[in-house]
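Written out below as structure tokens is the structure these notes cover.
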Amino acid sequence: MEMKDKTILLGVTGSIAAYKAADLLRELQGRGAHVHVLMTESAQKFVTALTFKTLSRNPVAGSLWDEEAGWCPGHIELADKADLLIVAPATANTLAKFAHGLADDLLACVYFATRAPVLIAPAMNGKMWEHPATVRNRQVLEERGHRFVEPVEGELACGYEGSGKLCDIVTIADAAAEMLG
């Protein structure tokens, strides 16, 4: 499915699966999307902004405190131009921030400022994914109309087997195309 000339914000959070977001970026671009990457501070511990800057050919937003160009705050400008916000991988921490109104980083501020649809692809330890707080946070976000792409079962980075692994990149891109189409 094509996403020609659509602007997608790709939020990358602090999961070991952050490296897979580079492949997602390329998949979205291959379908015609313009992709702007937003990274949490934790995500930048797993993958550098330079990777995403080079692949996207766009500046990478990583901090509210790096905004210097123009009079309009960069996170508001990004939020306004988005056709879709994808958060992949999404951590339990990010789900909690979104569900409870905590806007303490750039990604969360963009989330609260955008009126674009939101697609969330969680990746975390299975016990964290199944924790009652995470289950409730997901319900809250679904009640707001956000769509989730289920994590899959498999060997997790922590060595456990179970649910919590980031799903296939093509599955995320297909869900994004469906939401835009």
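Note on naming: chains are A, B, ... as they come in the structure tokens, residues start from 1 per chain, ligands start from 1 in the order shown.
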
Legend entry - Test item: residues at most 10 Å from A:Thr51, only C-alpha atoms, excluding those fewer than 6 positions along its chain, as a PyMOL selection string: chain A and resi 19+22+57+60

Legend entry - Those of stretch 26-128 of chain A in DSSP helix (DSSP H, G or I), formatted as a PyMOL selection string: chain A and resi 26-30+43-46+49-56+64-66+74-81+92-100+106-113+126-128

Legend entry - Which of stretch 15-139 of chain A fall in strand (DSSP E or B), as a count of residues only: 19

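For the residues A:Cys167, A:Ala92, A:Ala61, A:Ala176, ranking by smallest atom-to-atom distance to A:Arg136 using only C-alpha atoms places A:Ala92 first.
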
Inset, instruction - Name the residues in contact with stretch 110-115 of chain A at a cut-off of 10 Å, using only C-alpha atoms, excluding same-chain residues fewer than 6 positions from it; report them as number ranges by chain. - result: A: 9, 11, 38, 64, 74-87, 97-98, 101-103

Inset, instruction - With a distance cut-off of 12 Å and only C-alpha atoms, select the neighbouring residues of A:Asn137, excluding the residue or stretch itself and same-chain residues fewer than 3 positions from it, and output the selection as a ChimeraX atom specification. - result: /A:91-101,122,128-134,140-144,146,148

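Put simply, atom CA of A:Val149 is 7.5 Å away from atom CA of A:Ala175.
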
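The two atoms in question, atom CA of A:Gly181 and atom CA of A:Ala21, are spaced 21.8 Å apart.
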
Inset, instruction - Name the residues in contact with A:Thr171 at a cut-off of 12 Å, using only C-alpha atoms, excluding same-chain residues fewer than 5 positions from it; report them as number ranges by chain. - result: A: 1, 24, 27-28, 88, 119-121, 148-152, 166, 176-178

May I have the selected residues written with N, CA, C and O atoms, as a short mmCIF file (atom, residue, chain, number, x, y, z; two decimals), in the first residue's frame?
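Written file, part.cif:
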data_model
loop_
_atom_site.label_atom_id
_atom_site.label_comp_id
_atom_site.auth_asym_id
_atom_site.auth_seq_id
_atom_site.Cartn_x
_atom_site.Cartn_y
_atom_site.Cartn_z
N MET A 1 0.83 -1.19 0.00
CA MET A 1 0.00 0.00 0.00
C MET A 1 0.87 1.24 0.00
O MET A 1 1.85 1.32 0.71
N LEU A 24 11.93 0.16 9.76
CA LEU A 24 10.57 0.68 9.59
C LEU A 24 10.60 1.99 8.82
O LEU A 24 9.80 2.21 7.91
N GLU A 27 11.03 1.23 5.21
CA GLU A 27 9.81 0.64 4.65
C GLU A 27 8.77 1.74 4.37
O GLU A 27 8.13 1.74 3.31
N LEU A 28 8.62 2.66 5.30
CA LEU A 28 7.66 3.76 5.11
C LEU A 28 8.08 4.65 3.95
O LEU A 28 7.24 5.06 3.13
N ALA A 88 7.10 3.31 17.61
CA ALA A 88 7.62 1.95 17.42
C ALA A 88 9.13 1.96 17.60
O ALA A 88 9.81 2.61 16.81
N LEU A 119 -0.63 5.29 15.90
CA LEU A 119 -0.40 3.85 15.79
C LEU A 119 0.72 3.49 16.75
O LEU A 119 1.79 4.12 16.72
N ILE A 120 0.49 2.52 17.60
CA ILE A 120 1.45 2.14 18.64
C ILE A 120 1.86 0.69 18.47
O ILE A 120 1.00 -0.20 18.39
N ALA A 121 3.17 0.46 18.43
CA ALA A 121 3.73 -0.89 18.31
C ALA A 121 4.60 -1.15 19.54
O ALA A 121 5.77 -0.78 19.57
N PHE A 148 -3.32 -0.25 18.12
CA PHE A 148 -2.15 -1.01 18.52
C PHE A 148 -1.85 -2.11 17.51
O PHE A 148 -2.77 -2.73 16.98
N VAL A 149 -0.57 -2.33 17.27
CA VAL A 149 -0.10 -3.48 16.51
C VAL A 149 0.51 -4.40 17.56
O VAL A 149 1.48 -4.03 18.23
N GLU A 150 -0.08 -5.55 17.73
CA GLU A 150 0.29 -6.46 18.82
C GLU A 150 1.76 -6.88 18.80
O GLU A 150 2.28 -7.23 17.73
N PRO A 151 2.39 -6.91 19.95
CA PRO A 151 3.71 -7.54 20.01
C PRO A 151 3.56 -9.04 19.78
O PRO A 151 2.48 -9.59 19.99
N VAL A 152 4.63 -9.67 19.36
CA VAL A 152 4.56 -11.10 19.05
C VAL A 152 5.31 -11.92 20.10
O VAL A 152 6.08 -11.39 20.89
N LEU A 166 8.68 -6.79 19.42
CA LEU A 166 8.14 -5.92 18.39
C LEU A 166 7.72 -6.76 17.19
O LEU A 166 8.46 -7.62 16.73
N ALA A 176 -0.16 1.18 9.19
CA ALA A 176 -0.05 2.62 8.94
C ALA A 176 -0.73 3.00 7.63
O ALA A 176 -1.48 3.97 7.56
N ALA A 177 -0.47 2.23 6.59
CA ALA A 177 -1.07 2.50 5.28
C ALA A 177 -2.59 2.41 5.34
O ALA A 177 -3.31 3.23 4.77
N GLU A 178 -3.08 1.43 6.09
CA GLU A 178 -4.52 1.25 6.25
C GLU A 178 -5.12 2.47 6.96
O GLU A 178 -6.19 2.97 6.58
#
